[in-house]
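Chemist: If it helps, the file is called final.pdb and holds PDB, C-alpha atoms:
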```pdb
ATOM      1  CA  MET A   1      94.492  76.129 103.588
ATOM      2  CA  THR A   2      94.920  75.630 107.292
ATOM      3  CA  ARG A   3      98.044  76.163 109.278
ATOM      4  CA  PRO A   4      99.050  75.541 112.872
ATOM      5  CA  ALA A   5      97.575  78.036 115.311
ATOM      6  CA  GLU A   6     100.985  78.972 116.773
ATOM      7  CA  LEU A   7     102.287  80.065 113.347
ATOM      8  CA  THR A   8      99.355  82.436 112.810
ATOM      9  CA  THR A   9      99.852  83.827 116.303
ATOM     10  CA  PHE A  10     103.551  84.289 115.658
ATOM     11  CA  LEU A  11     102.763  86.359 112.576
ATOM     12  CA  ASP A  12     100.302  88.623 114.382
ATOM     13  CA  MET A  13     102.876  90.999 115.836
ATOM     14  CA  ASP A  14     102.183  93.749 118.302
ATOM     15  CA  ALA A  15     102.776  97.399 117.491
ATOM     16  CA  VAL A  16     106.147  97.696 119.269
ATOM     17  CA  THR A  17     107.631  94.685 117.474
ATOM     18  CA  VAL A  18     106.367  96.017 114.147
ATOM     19  CA  ALA A  19     107.879  99.447 114.812
ATOM     20  CA  ILE A  20     111.234  97.844 115.667
ATOM     21  CA  ALA A  21     111.095  95.699 112.516
ATOM     22  CA  LEU A  22     110.347  98.724 110.322
ATOM     23  CA  ALA A  23     113.106 100.796 111.939
ATOM     24  CA  GLY A  24     115.513  97.885 111.424
ATOM     25  CA  LEU A  25     114.574  97.693 107.756
ATOM     26  CA  VAL A  26     115.152 101.420 107.220
ATOM     27  CA  LEU A  27     118.491 101.201 109.056
ATOM     28  CA  ALA A  28     119.617  98.186 107.003
ATOM     29  CA  ALA A  29     118.651  99.949 103.765
ATOM     30  CA  THR A  30     120.564 103.063 104.862
ATOM     31  CA  LEU A  31     123.708 101.019 105.621
ATOM     32  CA  LEU A  32     123.371  99.336 102.222
ATOM     33  CA  GLY A  33     123.104 102.748 100.568
ATOM     34  CA  VAL A  34     126.172 104.118 102.361
ATOM     35  CA  LEU A  35     128.221 101.011 101.464
ATOM     36  CA  HIS A  36     127.090 101.283  97.857
ATOM     37  CA  ARG A  37     127.975 104.953  97.651
ATOM     38  CA  VAL A  38     131.442 104.377  99.130
ATOM     39  CA  SER A  39     132.176 101.563  96.662
ATOM     40  CA  GLN A  40     131.159 103.627  93.615
ATOM     41  CA  GLY A  41     134.049 104.699  91.424
ATOM     42  CA  ARG A  42     136.736 102.992  93.518
ATOM     43  CA  ALA A  43     139.703 101.916  91.441
ATOM     44  CA  ARG A  44     141.207  98.468  91.758
ATOM     45  CA  THR A  45     144.614  97.683  90.327
ATOM     46  CA  VAL A  46     144.677  94.637  88.089
ATOM     47  CA  ALA A  47     147.952  92.791  87.584
ATOM     48  CA  GLY A  48     148.927  89.890  85.363
ATOM     49  CA  SER A  49     145.928  90.236  83.079
ATOM     50  CA  PRO A  50     146.313  88.589  79.678
ATOM     51  CA  VAL A  51     146.183  90.796  76.601
ATOM     52  CA  VAL A  52     142.651  91.163  75.354
ATOM     53  CA  ARG A  53     141.633  91.408  71.734
ATOM     54  CA  LEU A  54     138.116  92.605  71.069
ATOM     55  CA  ASP A  55     136.681  92.221  67.612
ATOM     56  CA  GLY A  56     135.233  95.447  66.305
ATOM     57  CA  VAL A  57     136.985  97.565  68.940
ATOM     58  CA  VAL A  58     139.856  99.906  68.059
ATOM     59  CA  LEU A  59     142.100 100.493  71.068
ATOM     60  CA  GLY A  60     144.019 103.665  71.862
ATOM     61  CA  ASP A  61     147.744 103.751  71.064
ATOM     62  CA  ARG A  62     148.823 104.276  74.673
ATOM     63  CA  ALA A  63     145.743 103.362  76.713
ATOM     64  CA  THR A  64     142.026 102.653  76.390
ATOM     65  CA  LEU A  65     139.180 103.551  78.712
ATOM     66  CA  LEU A  66     136.812 100.630  78.130
ATOM     67  CA  GLN A  67     133.348 101.362  79.518
ATOM     68  CA  PHE A  68     130.518  98.838  79.838
ATOM     69  CA  SER A  69     127.109 100.541  79.731
ATOM     70  CA  SER A  70     123.460  99.745  79.378
ATOM     71  CA  GLU A  71     120.580 101.819  78.116
ATOM     72  CA  VAL A  72     118.682 101.657  81.427
ATOM     73  CA  CYS A  73     121.611 103.060  83.400
ATOM     74  CA  THR A  74     121.620 106.715  84.408
ATOM     75  CA  PRO A  75     125.211 107.037  85.760
ATOM     76  CA  CYS A  76     126.518 105.521  82.497
ATOM     77  CA  ARG A  77     125.805 108.833  80.725
ATOM     78  CA  ALA A  78     127.750 110.900  83.256
ATOM     79  CA  THR A  79     130.619 108.389  83.186
ATOM     80  CA  ALA A  80     130.708 108.496  79.369
ATOM     81  CA  ARG A  81     131.000 112.301  79.485
ATOM     82  CA  VAL A  82     133.939 112.171  81.917
ATOM     83  CA  LEU A  83     135.774 109.464  79.951
ATOM     84  CA  ASP A  84     135.102 111.134  76.593
ATOM     85  CA  ASP A  85     136.559 114.340  77.904
ATOM     86  CA  LEU A  86     139.659 112.616  79.320
ATOM     87  CA  ALA A  87     140.234 110.727  76.067
ATOM     88  CA  ALA A  88     140.026 114.011  74.159
ATOM     89  CA  ARG A  89     142.529 115.726  76.445
ATOM     90  CA  VAL A  90     145.112 112.975  76.930
ATOM     91  CA  GLU A  91     147.195 112.098  73.875
ATOM     92  CA  ALA A  92     146.645 108.653  72.279
ATOM     93  CA  VAL A  93     144.039 107.541  74.791
ATOM     94  CA  ALA A  94     140.730 106.197  73.449
ATOM     95  CA  HIS A  95     137.334 105.878  75.091
ATOM     96  CA  VAL A  96     135.351 102.833  73.984
ATOM     97  CA  GLU A  97     131.800 102.319  75.236
ATOM     98  CA  LEU A  98     130.180  98.893  74.899
ATOM     99  CA  ASP A  99     126.489  98.132  75.427
ATOM    100  CA  VAL A 100     126.227  94.986  77.581
ATOM    101  CA  ALA A 101     122.943  94.088  75.880
ATOM    102  CA  ARG A 102     124.767  93.940  72.544
ATOM    103  CA  ARG A 103     127.967  92.360  73.834
ATOM    104  CA  PRO A 104     126.870  90.117  76.735
ATOM    105  CA  GLU A 105     129.762  87.744  76.024
ATOM    106  CA  LEU A 106     132.228  90.541  76.775
ATOM    107  CA  ALA A 107     130.364  91.421  79.979
ATOM    108  CA  SER A 108     130.713  87.792  81.046
ATOM    109  CA  ARG A 109     134.357  87.572  80.001
ATOM    110  CA  PHE A 110     135.316  90.602  82.085
ATOM    111  CA  HIS A 111     133.048  89.594  84.994
ATOM    112  CA  VAL A 112     131.103  92.835  84.768
ATOM    113  CA  LEU A 113     128.574  92.888  87.609
ATOM    114  CA  GLN A 114     127.274  96.426  87.271
ATOM    115  CA  THR A 115     127.041  99.215  84.737
ATOM    116  CA  PRO A 116     128.914 101.366  84.303
ATOM    117  CA  THR A 117     132.104  99.359  84.781
ATOM    118  CA  THR A 118     135.279 100.967  83.445
ATOM    119  CA  LEU A 119     138.486  99.085  82.609
ATOM    120  CA  ILE A 120     141.751 100.798  81.769
ATOM    121  CA  LEU A 121     143.719  98.860  79.179
ATOM    122  CA  ASP A 122     147.391  99.606  78.563
ATOM    123  CA  ALA A 123     149.053 100.002  75.146
ATOM    124  CA  ASP A 124     149.188  96.216  74.714
ATOM    125  CA  GLY A 125     145.498  95.822  75.553
ATOM    126  CA  ALA A 126     146.015  94.264  78.993
ATOM    127  CA  VAL A 127     143.597  95.239  81.775
ATOM    128  CA  ARG A 128     145.447  97.356  84.343
ATOM    129  CA  SER A 129     142.700  98.991  86.375
ATOM    130  CA  ARG A 130     139.052  98.470  87.096
ATOM    131  CA  MET A 131     136.341 100.825  88.408
ATOM    132  CA  GLY A 132     132.777  99.822  89.248
ATOM    133  CA  GLY A 133     129.959 102.363  89.171
ATOM    134  CA  ALA A 134     129.966 106.044  88.286
ATOM    135  CA  VAL A 135     133.563 107.210  87.891
ATOM    136  CA  ARG A 136     135.224 110.167  89.594
ATOM    137  CA  ARG A 137     137.347 112.226  87.282
ATOM    138  CA  ASP A 138     140.329 112.559  89.661
ATOM    139  CA  VAL A 139     140.392 108.790  90.309
ATOM    140  CA  VAL A 140     140.350 107.943  86.581
ATOM    141  CA  LEU A 141     143.056 110.492  85.845
ATOM    142  CA  ALA A 142     145.334 109.144  88.602
ATOM    143  CA  GLU A 143     144.849 105.566  87.387
ATOM    144  CA  LEU A 144     145.392 106.595  83.775
ATOM    145  CA  GLU A 145     148.647 108.369  84.659
ATOM    146  CA  ARG A 146     149.832 105.300  86.572
ATOM    147  CA  VAL A 147     149.109 103.066  83.554
ATOM    148  CA  LEU A 148     150.763 105.512  81.117
ATOM    149  CA  ALA A 149     153.851 105.821  83.317
ATOM    150  CA  ALA A 150     154.387 102.059  83.540
TER     151      ALA A 150
ATOM    152  CA  MET B   1     110.256  96.806  79.696
ATOM    153  CA  THR B   2     112.956  97.601  77.175
ATOM    154  CA  THR B   3     112.763 100.372  74.669
ATOM    155  CA  ASP B   4     114.230 100.074  71.229
ATOM    156  CA  SER B   5     114.476 103.800  70.685
ATOM    157  CA  PRO B   6     117.775 105.567  71.310
ATOM    158  CA  ALA B   7     118.044 108.194  74.029
ATOM    159  CA  PRO B   8     115.306 110.743  73.314
ATOM    160  CA  ALA B   9     116.119 114.341  72.578
ATOM    161  CA  THR B  10     113.955 115.558  75.427
ATOM    162  CA  GLY B  11     114.530 113.956  78.804
ATOM    163  CA  ILE B  12     112.739 114.067  82.107
ATOM    164  CA  ASP B  13     113.575 115.886  85.322
ATOM    165  CA  PRO B  14     115.660 113.309  87.268
ATOM    166  CA  ARG B  15     114.077 114.473  90.524
ATOM    167  CA  GLY B  16     110.649 113.235  89.329
ATOM    168  CA  PRO B  17     111.392 109.482  89.568
ATOM    169  CA  ARG B  18     113.223 110.003  92.867
ATOM    170  CA  PHE B  19     110.207 111.813  94.288
ATOM    171  CA  GLY B  20     108.026 108.917  93.071
ATOM    172  CA  ALA B  21     110.416 106.385  94.639
ATOM    173  CA  GLY B  22     110.100 108.258  97.951
ATOM    174  CA  VAL B  23     106.293 108.067  97.832
ATOM    175  CA  THR B  24     106.538 104.379  96.886
ATOM    176  CA  ALA B  25     108.987 103.659  99.740
ATOM    177  CA  VAL B  26     106.675 105.231 102.342
ATOM    178  CA  LEU B  27     103.647 103.321 101.036
ATOM    179  CA  LEU B  28     105.627 100.055 100.994
ATOM    180  CA  LEU B  29     106.667 100.658 104.596
ATOM    181  CA  VAL B  30     102.939 100.983 105.433
ATOM    182  CA  VAL B  31     102.296  97.694 103.578
ATOM    183  CA  ILE B  32     105.026  95.953 105.592
ATOM    184  CA  GLY B  33     103.692  97.343 108.891
ATOM    185  CA  LEU B  34     100.118  96.328 108.112
ATOM    186  CA  GLY B  35     101.324  92.957 106.828
ATOM    187  CA  LEU B  36     103.262  92.219 110.023
ATOM    188  CA  VAL B  37     100.261  93.167 112.160
ATOM    189  CA  GLY B  38      97.768  91.256 110.021
ATOM    190  CA  GLY B  39      99.861  88.148 109.457
ATOM    191  CA  THR B  40      98.670  85.474 107.044
ATOM    192  CA  PRO B  41      95.080  84.393 107.838
ATOM    193  CA  ALA B  42      94.086  80.836 107.042
ATOM    194  CA  THR B  43      91.243  81.572 104.614
ATOM    195  CA  LEU B  44      91.650  83.168 101.199
ATOM    196  CA  LEU B  45      88.748  85.559 101.793
ATOM    197  CA  ASP B  46      90.385  86.899 104.980
ATOM    198  CA  ARG B  47      93.701  87.346 103.189
ATOM    199  CA  VAL B  48      92.161  89.240 100.262
ATOM    200  CA  GLY B  49      90.300  91.597 102.608
ATOM    201  CA  GLN B  50      93.443  92.640 104.496
ATOM    202  CA  PRO B  51      94.514  96.296 104.201
ATOM    203  CA  ALA B  52      98.144  95.240 103.531
ATOM    204  CA  PHE B  53      97.039  93.085 100.618
ATOM    205  CA  LEU B  54      94.758  95.746  99.140
ATOM    206  CA  LEU B  55      97.452  98.422  99.361
ATOM    207  CA  LEU B  56     100.127  96.185  97.801
ATOM    208  CA  ALA B  57      97.685  95.213  95.026
ATOM    209  CA  ALA B  58      97.087  98.910  94.350
ATOM    210  CA  LEU B  59     100.862  99.595  94.320
ATOM    211  CA  THR B  60     101.312  96.691  91.884
ATOM    212  CA  LEU B  61      98.892  98.407  89.504
ATOM    213  CA  VAL B  62     100.766 101.711  89.880
ATOM    214  CA  PHE B  63     104.069  99.923  89.084
ATOM    215  CA  ALA B  64     102.407  98.372  86.014
ATOM    216  CA  TRP B  65     101.244 101.813  84.961
ATOM    217  CA  GLY B  66     104.766 103.226  85.220
ATOM    218  CA  ALA B  67     106.336 100.224  83.480
ATOM    219  CA  PHE B  68     103.934  99.847  80.565
ATOM    220  CA  ALA B  69     102.674 103.402  80.015
ATOM    221  CA  GLY B  70     106.149 104.823  80.632
ATOM    222  CA  ILE B  71     107.519 106.872  83.519
ATOM    223  CA  ARG B  72     106.287 110.133  81.950
ATOM    224  CA  ARG B  73     102.664 109.073  82.451
ATOM    225  CA  HIS B  74     103.255 107.711  85.957
ATOM    226  CA  PRO B  75     100.732 109.165  88.449
ATOM    227  CA  TYR B  76     103.497 110.239  90.889
ATOM    228  CA  GLY B  77     105.296 111.843  87.942
ATOM    229  CA  VAL B  78     102.182 113.892  87.205
ATOM    230  CA  LEU B  79     101.933 114.807  90.893
ATOM    231  CA  PHE B  80     105.589 115.887  90.804
ATOM    232  CA  ARG B  81     105.111 118.054  87.713
ATOM    233  CA  VAL B  82     101.938 119.718  88.960
ATOM    234  CA  VAL B  83     102.710 120.166  92.669
ATOM    235  CA  VAL B  84     106.441 119.812  93.405
ATOM    236  CA  ARG B  85     108.370 120.998  90.344
ATOM    237  CA  PRO B  86     106.869 124.521  90.185
ATOM    238  CA  ARG B  87     108.366 125.075  93.657
ATOM    239  CA  LEU B  88     111.860 123.934  92.643
ATOM    240  CA  ALA B  89     114.588 125.480  90.531
ATOM    241  CA  PRO B  90     114.771 124.129  86.963
ATOM    242  CA  PRO B  91     116.758 120.873  86.727
ATOM    243  CA  SER B  92     120.478 121.202  85.973
ATOM    244  CA  GLU B  93     120.165 118.433  83.407
ATOM    245  CA  LEU B  94     117.510 116.177  81.948
ATOM    246  CA  GLU B  95     117.581 112.412  82.059
ATOM    247  CA  ASP B  96     116.606 109.515  79.821
ATOM    248  CA  PRO B  97     113.234 108.036  80.903
ATOM    249  CA  ALA B  98     114.392 104.448  80.110
ATOM    250  CA  PRO B  99     116.186 103.699  83.431
ATOM    251  CA  PRO B 100     113.292 104.692  85.761
ATOM    252  CA  THR B 101     110.789 102.985  83.454
ATOM    253  CA  PHE B 102     112.845  99.781  83.715
ATOM    254  CA  ALA B 103     112.931 100.155  87.522
ATOM    255  CA  GLN B 104     109.125 100.385  87.529
ATOM    256  CA  GLY B 105     109.033  97.070  85.649
ATOM    257  CA  VAL B 106     111.255  95.426  88.263
ATOM    258  CA  GLY B 107     109.026  96.890  90.999
ATOM    259  CA  PHE B 108     105.977  95.475  89.211
ATOM    260  CA  VAL B 109     107.430  91.952  89.089
ATOM    261  CA  VAL B 110     108.467  92.001  92.777
ATOM    262  CA  ALA B 111     105.132  93.466  93.987
ATOM    263  CA  LEU B 112     103.178  90.999  91.838
ATOM    264  CA  ALA B 113     105.166  88.153  93.415
ATOM    265  CA  GLY B 114     104.096  89.417  96.851
ATOM    266  CA  VAL B 115     100.440  89.557  95.766
ATOM    267  CA  VAL B 116     100.555  86.015  94.356
ATOM    268  CA  LEU B 117     102.392  84.570  97.372
ATOM    269  CA  HIS B 118      99.854  86.134  99.716
ATOM    270  CA  LEU B 119      96.951  84.754  97.686
ATOM    271  CA  LEU B 120      98.588  81.328  97.998
ATOM    272  CA  GLY B 121      98.823  81.852 101.772
ATOM    273  CA  VAL B 122     102.624  81.761 101.977
ATOM    274  CA  PRO B 123     103.693  83.274 105.347
ATOM    275  CA  PHE B 124     105.885  86.388 104.947
ATOM    276  CA  GLY B 125     105.388  86.295 101.158
ATOM    277  CA  LEU B 126     103.704  89.692 101.101
ATOM    278  CA  VAL B 127     106.018  91.224 103.702
ATOM    279  CA  GLY B 128     109.148  89.780 102.059
ATOM    280  CA  ALA B 129     108.318  91.077  98.596
ATOM    281  CA  ALA B 130     107.286  94.469  99.967
ATOM    282  CA  ALA B 131     110.555  94.660 101.950
ATOM    283  CA  ALA B 132     112.622  93.907  98.827
ATOM    284  CA  ALA B 133     110.738  96.549  96.839
ATOM    285  CA  PHE B 134     111.084  98.996  99.749
ATOM    286  CA  VAL B 135     114.876  98.643  99.858
ATOM    287  CA  ALA B 136     115.131  99.368  96.125
ATOM    288  CA  ALA B 137     112.728 102.334  96.275
ATOM    289  CA  PHE B 138     114.413 103.753  99.398
ATOM    290  CA  LEU B 139     117.908 103.478  97.886
ATOM    291  CA  ASN B 140     116.645 105.116  94.709
ATOM    292  CA  ALA B 141     114.986 107.992  96.563
ATOM    293  CA  VAL B 142     117.760 108.673  99.101
ATOM    294  CA  PHE B 143     120.972 107.556  97.361
ATOM    295  CA  ALA B 144     119.951 107.871  93.677
ATOM    296  CA  TYR B 145     120.615 104.143  93.411
ATOM    297  CA  CYS B 146     120.077 102.828  89.894
ATOM    298  CA  LEU B 147     118.336  99.441  89.835
ATOM    299  CA  GLY B 148     118.748  99.041  86.076
ATOM    300  CA  CYS B 149     122.529  99.238  86.460
ATOM    301  CA  GLN B 150     122.659  95.778  88.043
ATOM    302  CA  ILE B 151     119.493  93.855  87.163
ATOM    303  CA  TYR B 152     119.463  94.708  83.454
ATOM    304  CA  LEU B 153     123.037  93.455  83.181
ATOM    305  CA  VAL B 154     122.092  90.111  84.736
ATOM    306  CA  LEU B 155     119.179  89.807  82.268
ATOM    307  CA  ALA B 156     121.515  90.690  79.382
ATOM    308  CA  ARG B 157     124.113  88.146  80.481
ATOM    309  CA  VAL B 158     121.580  85.326  80.637
ATOM    310  CA  GLY B 159     120.228  86.432  77.254
ATOM    311  CA  LEU B 160     116.767  87.677  78.272
ATOM    312  CA  VAL B 161     117.269  91.170  76.865
ATOM    313  CA  GLY B 162     119.332  92.787  74.163
ATOM    314  CA  LYS B 163     121.608  91.332  71.471
ATOM    315  CA  ARG B 164     120.037  93.465  68.783
ATOM    316  CA  GLY B 165     123.210  93.800  66.774
ATOM    317  CA  ALA B 166     126.803  92.638  66.877
ATOM    318  CA  ALA B 167     128.285  96.115  66.469
ATOM    319  CA  ALA B 168     129.899  97.831  69.411
ATOM    320  CA  ALA B 169     127.934 100.764  70.751
TER     321      ALA B 169
END
```
If you took the structure in this file and wrote it as structure tokens, what would it be?
Modeler:
Amino acid sequence: MTRPAELTTFLDMDAVTVAIALAGLVLAATLLGVLHRVSQGRARTVAGSPVVRLDGVVLGDRATLLQFSSEVCTPCRATARVLDDLAARVEAVAHVELDVARRPELASRFHVLQTPTTLILDADGAVRSRMGGAVRRDVVLAELERVLAA
Amino acid sequence: MTTDSPAPATGIDPRGPRFGAGVTAVLLLVVIGLGLVGGTPATLLDRVGQPAFLLLAALTLVFAWGAFAGIRRHPYGVLFRVVVRPRLAPPSELEDPAPPTFAQGVGFVVALAGVVLHLLGVPFGLVGAAAAAFVAAFLNAVFAYCLGCQIYLVLARVGLVGKRGAAAA
């Protein structure tokens, strides 16, 4: 294959340009990492969600912590531990963990873009809060109390 | 890339894969630097002989090793166990090897794409693929970013993985 001479020349960069390009790449990746870390576990209030009925899923009497997980996801395990513990301590609250590989239709229905994703459903089964990524215990508890108080 | 076994009773030290991702990120940065300097020569023979190409081809094989032999047998994992871990405190908790093994599979596919594109003479094919793999490896090493958390979900939603049973987990 032949290509125009100017293109080949353009690709042969000098050392300074290469160093700047590499530094730019590292900087961009760092910014991406910081943004990702900040977004993890943030709670978003959901209003006006229709009541959801999930076959094969038993909801809690007052609220349900619905967690979407996958088997190749490390933070899913830590999130499951936090939610399990909260469900055990707070009366009539259930923790339900779904594997997205087994229930992809539910992942699509709830627009799950990452695992873990945690939804808080109220007593009627309506989605009231949504958290993407590894959860923080204090954030989940605050959201849960808000949903239970409503 | 997927394992059918449930989470094993004995896990791995989570710092092992992150150490490996750090080594991978540095080597990929070298690939990108060499690739930018070397460019995309017109003849196939010149392209194959380039240091950037040879290093990325070697990294592709290492990714394949990690993905298909499992993260426990990964060469960087062995290096971590023999050289680094004896100098560290014991891990606070062990981790399932499935997520880092999956990440190695994704790395393999991306690196292989770079190798193929470079063989075809596509400008920036090698550098682009190496840059994508670098970002993932860097985020994993520095921020404990979990590649499987996003990509696996996309594969599950389009039906490429999973759906082994209708029961809820």
Chemist: Find the spatial neighbours of region 81-90 of chain A, counting all atoms listed in the file, within a cut-off of 9 Å - ignore same-chain residues fewer than 5 positions away - and output them as a list in words.
Modeler: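 Once the nearby chain positions are removed, what remains is Thr64, Leu65, Gln67, Cys76, His95, Val96, Val135, Arg136, Arg137, Val140 and Leu141 of chain A.
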Chemist: How far is it from CA of Arg102 (chain A) to CA of Gly132 (chain A), in Å with one decimal?
Modeler: 19.4 Å
Chemist: Mind giving me the straight-line distance from CA of Phe80 (chain B) to CA of Val142 (chain B) in Å, one decimal?
Modeler: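 The value is 16.4 Å.
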Chemist: If we count only C-alpha atoms and set the cut-off at 12 Å, which residues sit around Val26 (chain B), ignoring sequence neighbours fewer than 6 positions away in its own chain? Please answer as a count of residues only.
Modeler: 16
Chemist: Check what the PyMOL selection byres ((chain B and resi 72) around 10) selects in the file above and give those residues as a count of residues only.
Modeler: 19
Chemist: Any idea what the distance is between CA of Ala25 (chain B) and CA of Leu139 (chain B)?
Modeler: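 Between CA of Ala25 (chain B) and CA of Leu139 (chain B) the gap is 9.1 Å.
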Chemist: List, as a ChimeraX atom specification, every residue that the PyMOL selection byres ((chain A and resi 69) around 6) selects in the file provided.
Modeler: /A:68,70,76,98-99,115-116
Chemist: From the options B:Leu36, B:Val48, B:Ala58, B:Ala21, which residue's atoms come nearest to His118 (chain B), counting all atoms listed in the file?
Modeler: B:Val48
Chemist: Taking all atoms listed in the file into account, name the residue in B:Ala42, B:Val83, B:Leu155, B:Ala67 that is nearest to chain A.
Modeler: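 Going through B:Ala42, B:Val83, B:Leu155, B:Ala67 one by one, the smallest distance to chain A is for B:Ala42.
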Chemist: Taking only C-alpha atoms into account, which of A:Leu59, A:Ala150, A:Leu54, A:Cys73 comes nearest Leu121 (chain A)?
Modeler: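 For Leu121 (chain A), the nearest of the given residues is A:Leu59.
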Chemist: Rank nothing, just name the residue among A:Ala19, A:Val127, A:Val46, A:Val51 nearest to chain B, using only C-alpha atoms.
Modeler: A:Ala19
Chemist: I need the residue nearest Val116 (chain B) from this list: B:Val30, B:Leu56, B:Gly35, B:Arg87. Use all atoms listed in the file for the distance.
Modeler: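 Answer, going by the shortest atom-to-atom distance: B:Leu56.
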Chemist: Which residue is closest to chain B? Choose from A:Thr74, A:Thr118, A:Ser129, A:Thr79 and count only C-alpha atoms.
Modeler: A:Thr74
Chemist: For the structure provided, state which residues fall under the PyMOL selection byres ((chain B and resi 119) around 9), and present them as a PyMOL selection string.
Modeler: chain B and resi 44+47-48+53+114-118+120-122
